[in-house]
Structures are given as structure tokens and as C-alpha cells.
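With TSV, C-alpha atoms and all ligand atoms inside, this is model30.tsv:
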chain	number	residue	atom	x	y	z
H	191	MET	CA	59.09	57.07	23.56
H	192	GLY	CA	58.13	59.71	21.07
H	193	GLY	CA	61.13	59.61	18.74
H	194	ARG	CA	60.90	61.26	15.35
H	195	GLY	CA	60.27	57.95	13.67
H	196	ALA	CA	56.94	57.22	15.28
H	197	SER	CA	55.12	60.38	14.28
H	198	SER	CA	56.49	60.50	10.75
H	199	GLY	CA	55.37	56.93	10.18
H	200	ASP	CA	52.27	55.59	8.55
H	201	LEU	CA	49.52	53.48	10.06
H	202	ASN	CA	49.33	49.71	9.67
H	203	ASP	CA	46.70	47.46	8.11
H	204	GLY	CA	44.06	45.55	10.05
H	205	ILE	CA	40.67	45.93	11.65
H	206	GLY	CA	40.25	45.17	15.34
H	207	ARG	CA	41.19	41.57	15.86
H	208	GLU	CA	39.90	38.26	14.59
H	209	ILE	CA	36.56	37.63	16.24
H	210	VAL	CA	34.77	34.32	16.67
H	211	SER	CA	31.10	35.08	17.13
H	212	THR	CA	27.58	33.82	16.62
H	213	LYS	CA	24.38	35.78	16.23
H	214	ASP	CA	22.55	35.89	19.56
H	215	LYS	CA	19.39	37.87	18.79
H	216	ASP	CA	18.02	40.23	16.24
H	217	ILE	CA	17.99	43.71	17.80
H	218	TRP	CA	14.20	43.77	17.42
H	219	SER	CA	13.72	40.66	19.51
H	220	TYR	CA	16.26	42.04	21.98
H	221	ARG	CA	14.01	45.11	22.28
H	222	HIS	CA	11.08	42.96	23.44
H	223	ASN	CA	12.52	43.12	26.93
H	224	PRO	CA	11.42	46.56	28.23
H	225	ASN	CA	14.83	46.97	29.92
H	226	ASN	CA	16.46	46.96	26.50
H	227	GLU	CA	14.16	49.39	24.68
H	228	GLN	CA	16.27	52.50	25.20
H	229	PHE	CA	19.44	50.58	24.37
H	230	VAL	CA	18.11	49.47	20.98
H	231	ASP	CA	16.54	52.86	20.28
H	232	ASN	CA	19.92	54.53	20.82
H	233	ILE	CA	21.41	52.19	18.22
H	234	ASN	CA	18.64	52.89	15.72
H	235	THR	CA	18.84	56.66	16.21
H	236	THR	CA	22.50	56.54	15.27
H	237	ILE	CA	21.85	54.51	12.15
H	238	LYS	CA	19.09	56.87	11.08
H	239	GLU	CA	21.17	60.01	11.66
H	240	MET	CA	24.27	58.63	9.99
H	241	GLN	CA	22.23	57.39	7.03
H	242	GLU	CA	21.05	60.96	6.46
H	243	ASN	CA	24.63	62.24	6.42
H	244	TYR	CA	26.42	59.61	4.38
H	245	ASN	CA	25.41	58.47	0.92
H	246	GLY	CA	25.14	54.76	0.35
H	247	LEU	CA	25.53	53.67	3.98
H	248	MET	CA	22.58	51.27	4.00
H	249	SER	CA	23.70	49.59	0.78
H	250	VAL	CA	26.48	47.74	2.64
H	251	ILE	CA	24.62	46.77	5.82
H	252	ASN	CA	22.88	43.39	5.67
H	253	ASP	CA	22.25	42.77	9.34
H	254	ILE	CA	22.60	44.35	12.77
H	255	TYR	CA	22.35	42.02	15.74
H	256	MET	CA	23.33	41.16	19.28
H	257	ALA	CA	26.25	38.73	19.20
H	258	ASN	CA	27.89	36.16	21.41
H	259	ILE	CA	31.60	36.77	21.04
H	260	LYS	CA	33.53	33.67	22.05
H	261	ASN	CA	37.03	35.08	22.21
H	262	GLY	CA	36.46	38.60	23.35
H	263	ASP	CA	35.33	39.73	26.75
H	264	THR	CA	36.56	43.21	25.93
H	265	VAL	CA	35.17	43.50	22.39
H	266	ILE	CA	32.10	45.73	22.55
H	267	ALA	CA	31.05	45.53	18.89
H	268	PHE	CA	32.39	44.65	15.44
H	269	TRP	CA	31.89	45.20	11.74
H	270	ASP	CA	32.25	42.18	9.45
H	271	SER	CA	33.11	43.80	6.13
H	272	GLY	CA	32.84	40.52	4.22
H	273	LYS	CA	29.27	39.81	5.33
H	274	GLY	CA	28.10	43.38	5.90
H	275	GLU	CA	27.15	42.61	9.50
H	276	LEU	CA	27.31	44.82	12.55
H	277	GLY	CA	27.39	42.86	15.81
H	278	ILE	CA	27.05	44.16	19.34
H	279	ASN	CA	28.38	42.03	22.17
H	280	THR	CA	25.40	40.93	24.28
H	281	ARG	CA	27.71	41.08	27.29
H	282	TYR	CA	27.57	44.88	26.94
H	283	GLY	CA	23.91	44.94	25.91
H	284	ASP	CA	22.85	47.30	28.66
H	285	ILE	CA	23.01	51.10	28.91
H	286	LYS	CA	24.94	51.15	32.18
H	287	LYS	CA	27.44	48.45	31.23
H	288	MET	CA	28.09	50.04	27.86
H	289	ALA	CA	28.61	53.51	29.36
H	290	ALA	CA	30.92	52.21	32.08
H	291	SER	CA	33.06	50.36	29.60
H	292	TYR	CA	33.21	53.17	27.02
H	293	ASP	CA	33.85	55.95	29.52
H	294	LYS	CA	36.70	54.03	31.11
H	295	CYS	CA	38.37	53.98	27.68
H	296	VAL	CA	37.72	57.70	27.16
H	297	LYS	CA	39.45	58.49	30.44
H	298	LYS	CA	42.54	56.63	29.27
H	299	GLY	CA	42.54	58.49	25.94
H	300	TYR	CA	41.76	55.22	24.16
H	301	HIS	CA	38.50	56.53	22.59
H	302	PRO	CA	37.34	60.07	21.76
H	303	GLY	CA	34.83	61.66	24.15
H	304	ARG	CA	31.15	61.10	23.37
H	305	GLY	CA	29.91	64.69	23.93
H	306	ASN	CA	26.19	64.51	24.73
H	307	LYS	CA	25.68	61.18	22.94
H	308	THR	CA	25.14	57.85	24.66
H	309	ALA	CA	27.80	55.13	24.66
H	310	GLU	CA	25.62	53.06	22.28
H	311	GLN	CA	25.69	55.97	19.84
H	312	ALA	CA	29.47	56.38	20.11
H	313	VAL	CA	30.06	52.64	19.64
H	314	VAL	CA	27.67	52.31	16.70
H	315	ALA	CA	29.10	55.44	15.04
H	316	HIS	CA	32.54	53.79	15.29
H	317	GLU	CA	31.29	50.62	13.63
H	318	LEU	CA	29.49	52.62	10.95
H	319	GLY	CA	32.83	54.31	10.23
H	320	HIS	CA	33.97	50.82	9.18
H	321	SER	CA	30.74	50.38	7.18
H	322	LEU	CA	31.49	53.64	5.36
H	323	THR	CA	34.89	52.26	4.44
H	324	SER	CA	32.97	49.35	2.87
H	325	VAL	CA	30.88	51.90	0.94
H	326	VAL	CA	34.09	53.43	-0.48
H	327	GLN	CA	35.39	49.94	-1.21
H	328	GLN	CA	32.24	49.22	-3.21
H	329	LYS	CA	32.56	52.55	-5.08
H	330	LEU	CA	36.18	51.82	-5.99
H	331	GLY	CA	35.41	48.21	-6.89
H	332	SER	CA	38.23	47.09	-4.62
H	333	LYS	CA	38.62	43.67	-3.00
H	334	ASP	CA	41.01	45.00	-0.38
H	335	PHE	CA	39.43	46.67	2.68
H	336	ASP	CA	42.83	47.58	4.15
H	337	ASP	CA	44.03	49.18	0.94
H	338	VAL	CA	40.85	51.30	0.81
H	339	SER	CA	41.32	52.30	4.47
H	340	LYS	CA	44.85	53.42	3.68
H	341	LYS	CA	43.66	55.48	0.71
H	342	ILE	CA	41.08	57.28	2.86
H	343	VAL	CA	43.56	58.23	5.61
H	344	LYS	CA	46.11	59.31	2.97
H	345	GLU	CA	43.43	61.56	1.48
H	346	ALA	CA	42.89	63.04	4.97
H	347	GLN	CA	46.65	63.65	5.18
H	348	ASN	CA	46.49	65.54	1.86
H	349	ILE	CA	43.54	67.60	3.11
H	350	LEU	CA	45.41	68.51	6.31
H	351	ASN	CA	48.69	69.36	4.55
H	352	LYS	CA	47.08	71.30	1.72
H	353	GLY	CA	48.58	74.74	1.28
H	354	LEU	CA	51.20	74.21	3.97
H	355	LYS	CA	54.84	74.77	3.02
H	356	ARG	CA	56.15	72.76	5.93
H	357	LYS	CA	54.03	69.62	6.01
H	358	LYS	CA	52.48	69.36	9.43
H	359	TYR	CA	51.62	65.68	8.94
H	360	PRO	CA	54.63	63.75	7.60
H	361	GLY	CA	52.74	60.48	7.99
H	362	THR	CA	49.30	59.17	8.89
H	363	MET	CA	50.39	58.07	12.39
H	364	LYS	CA	50.41	61.69	13.53
H	365	ILE	CA	46.79	62.09	12.41
H	366	ALA	CA	45.72	59.04	14.43
H	367	LYS	CA	47.66	60.09	17.54
H	368	ASN	CA	45.62	63.27	17.75
H	369	ILE	CA	42.33	61.36	17.47
H	370	SER	CA	42.66	58.59	20.08
H	371	GLY	CA	44.83	55.76	21.34
H	372	TYR	CA	42.83	53.13	19.47
H	373	ALA	CA	43.03	55.17	16.24
H	374	THR	CA	46.79	54.50	16.14
H	375	SER	CA	46.27	50.73	15.77
H	376	SER	CA	45.48	50.85	12.02
H	377	ASN	CA	44.10	52.89	9.12
H	378	ALA	CA	40.71	51.20	9.54
H	379	GLU	CA	40.49	52.04	13.26
H	380	CYS	CA	41.65	55.61	12.59
H	381	ILE	CA	38.66	56.06	10.23
H	382	ALA	CA	36.21	54.48	12.69
H	383	GLU	CA	37.45	56.60	15.61
H	384	ALA	CA	37.32	59.79	13.53
H	385	THR	CA	33.75	58.97	12.45
H	386	ALA	CA	32.68	58.50	16.09
H	387	ASP	CA	34.44	61.73	17.13
H	388	VAL	CA	32.67	63.79	14.46
H	389	TYR	CA	29.30	62.14	15.12
H	390	CYS	CA	29.53	62.71	18.89
H	391	ASN	CA	31.31	66.05	19.05
H	392	GLY	CA	30.31	67.83	15.84
H	393	SER	CA	32.16	71.12	15.44
H	394	LYS	CA	34.14	70.35	18.61
H	395	ALA	CA	35.65	67.19	17.10
H	396	LYS	CA	39.40	67.08	16.47
H	397	THR	CA	40.63	68.77	13.28
H	398	GLU	CA	42.16	65.44	12.27
H	399	SER	CA	38.84	63.61	12.71
H	400	LYS	CA	37.08	66.19	10.57
H	401	ALA	CA	39.68	65.71	7.83
H	402	VAL	CA	39.19	61.93	7.86
H	403	VAL	CA	35.41	62.37	7.59
H	404	GLN	CA	35.90	64.89	4.78
H	405	ALA	CA	38.01	62.27	2.99
H	406	LEU	CA	35.20	59.71	3.45
H	407	HIS	CA	32.72	62.18	1.94
H	408	ASN	CA	35.08	62.86	-0.97
H	409	PHE	CA	35.17	59.15	-1.78
H	410	CYS	CA	31.44	58.58	-1.19
H	411	LYS	CA	30.31	61.29	-3.60
H	501	ZN	ZN	36.84	49.30	14.96

Hey, can you dump this file as C-alpha cells for me?
Ligand SMILES: [Zn+2]
Amino acid sequence: MGGRGASSGDLNDGIGREIVSTKDKDIWSYRHNPNNEQFVDNINTTIKEMQENYNGLMSVINDIYMANIKNGDTVIAFWDSGKGELGINTRYGDIKKMAASYDKCVKKGYHPGRGNKTAEQAVVAHELGHSLTSVVQQKLGSKDFDDVSKKIVKEAQNILNKGLKRKKYPGTMKIAKNISGYATSSNAECIAEATADVYCNGSKAKTESKAVVQALHNFCK
């Protein structure tokens, strides 16, 4: 473990895993059950706050809904970049279930901490990090989501190494490793995890997460 190779390397392509899902309910009809009101409101608060901070976010989002995910008991939510859809697994459509699942991952170092935000907020901020990658993709007129993800994390690497004689970040893997376990799985997940970290932890977020978000802003201008 931990040889030189790993931390000088670059991140791979990919976003989560292939998901087979169907729309279960619109989040508004989900909110009709009084037990779900706070859950849906937490989601909407995140969208509103992120929309105020990131130009063009709403231009890529076509639908946000509760989803039945056929092949993923452990998938909490997903972003479909082709359709512009954000789905939340109905299985986790409850404040307590969502918090239990998210916090277990935080303990293992798999996700960044959520500060004083709810688990819904952390999860939605992660997915919106993918949506923001779609915004950059639209700006660049690119057909390749993975290529755009790679460009964003490379830009973060440049930001972090700027002015340093001895480059502290020889590759993008080292950036991801300092953000979270899941961030190391690909460029796309590194961006999503960094977005959630900055949204939840603000000035206390990791330096690497802040650099990734700065890179997103640079491309979204
Ligand atoms: Zn993701």
C-alpha cells in the first residue's frame, strides 16, 4: 500500500456505476406525506442555495425525483448527465435512514463530513457537483462528460501547484485522496465529493475541495 506510484497517478474516468432505475414519484407528490415534508424541504433548500452560488446550474436540470433503483441497494442517489435528471433512491427517502447511511460512510472516510448540514443536503450537493460538471460540459460544447471531469480536476491541480517550485500534487489522485475515499474512484466523483465538502463545511472544507470548486467556478464563468 501507498507506493509512490499511487499518489503520483491520475484519476480514472467514470461516474458511479451503471444504474437501472425508474421514476417512482415526483418530489412534490412525495412531500404530500407529512412524514416526508422535512426530507423534501432539505433537498429543495440545497438546490436553492447552490443555485445562488453557481451560474447556470438550473439550465442542466430537467427533473428531480424519487427513484426505484433496481440494481442498487447501496446507491443513495444519482445524476443522469444524458437526461439531466437527479434521482434519489426511495429506499433512503427518510431523514433517519439517509443520515444513518451517510454517517456510516463518513466514519469510514468514504465521504466528507457534513458539518451542520443534513444528510439530504450532503447527498444532493454531491449530485449537484455532477450537475455542475454538466454545466461546464455545456459551456465547452463537449460531448464527453468524463473528458470534462478530467479537465476540471486538472485545473484544480494547477491551482494547487501554482507558485510552488516542488509540485505538491504530481497527479490528481493525491487531490482526491485528501478529499474522501469515494473521491478516488474517478475524476467525476472527485468533483462531486469536493462540491459536497465545500457546501457542507464552508471555510473548514479541505484545501483540495476548495481548489476543485474554484476550478468549477473558473469554467462556469
Ligand atoms: Zn457521484

(request) Please provide as a PyMOL selection string all residues within 8 Å of range 373-382 of chain H, with the sequence filter that same-chain residues fewer than 5 positions apart are discarded (counting only C-alpha atoms). (result) chain H and resi 201-206+301+315-320+323+336+339-340+342-343+363+366-367+399+402-403

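Distances here use all atoms listed in the file; by that measure, the residue among H:Glu383, H:Asp200, H:Glu275, H:Asp263 closest to ligand ZN 501 (chain H) is H:Glu383.
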
(request) For CA of Asn351 in chain H and CA of Val388 in chain H, quote the distance in Å rounded to one decimal. (result)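 These atoms are spaced 19.6 Å apart.
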
Please report, as a tab-separated table, each residue of range 307-345 of chain H lying at most 8 Å from range 209-232 of chain H, together with the nearest pair of atoms and the separation in Å rounded to one decimal; use all atoms listed in the file, and order rows by chain and ascending residue number.
residue	atom	partner	partner_atom	distance
H:Thr308	CA	H:Asn232	CA	7.3
H:Glu310	CA	H:Asn232	CA	6.1
H:Gln311	CA	H:Asn232	CA	6.0

(request) Can you pull out every residue within 9 Å of range 238-241 of chain H, counting all atoms listed in the file, but drop anything in the same chain fewer than 4 positions away, and send it as an NGL selection string? (result) :H and (233-234 or 245-248 or 315 or 318 or 389)

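Of the residues under consideration (H:Ser271, H:Thr280, H:Gln327, H:Thr236), H:Ser271 shows the shortest atom-to-atom contact distance to ligand ZN 501 (chain H) when counting only C-alpha atoms and all ligand atoms.
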
(message) Just want the 12 Å neighbourhood of Met288 in chain H, counted on all atoms listed in the file, with same-chain residues fewer than 4 positions away dropped. Output as a list of chain:residue names.
(response)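 Close residues of Met288 in chain H: H:Phe229, H:Asn232, H:Ile233, H:Thr264, H:Val265, H:Ile266, H:Ala267, H:Ile278, H:Asn279, H:Thr280, H:Arg281, H:Tyr282, H:Gly283, H:Asp284, H:Tyr292, H:Asp293, H:Lys294, H:Cys295, H:Thr308, H:Ala309, H:Glu310, H:Gln311, H:Ala312, H:Val313, H:Val314.
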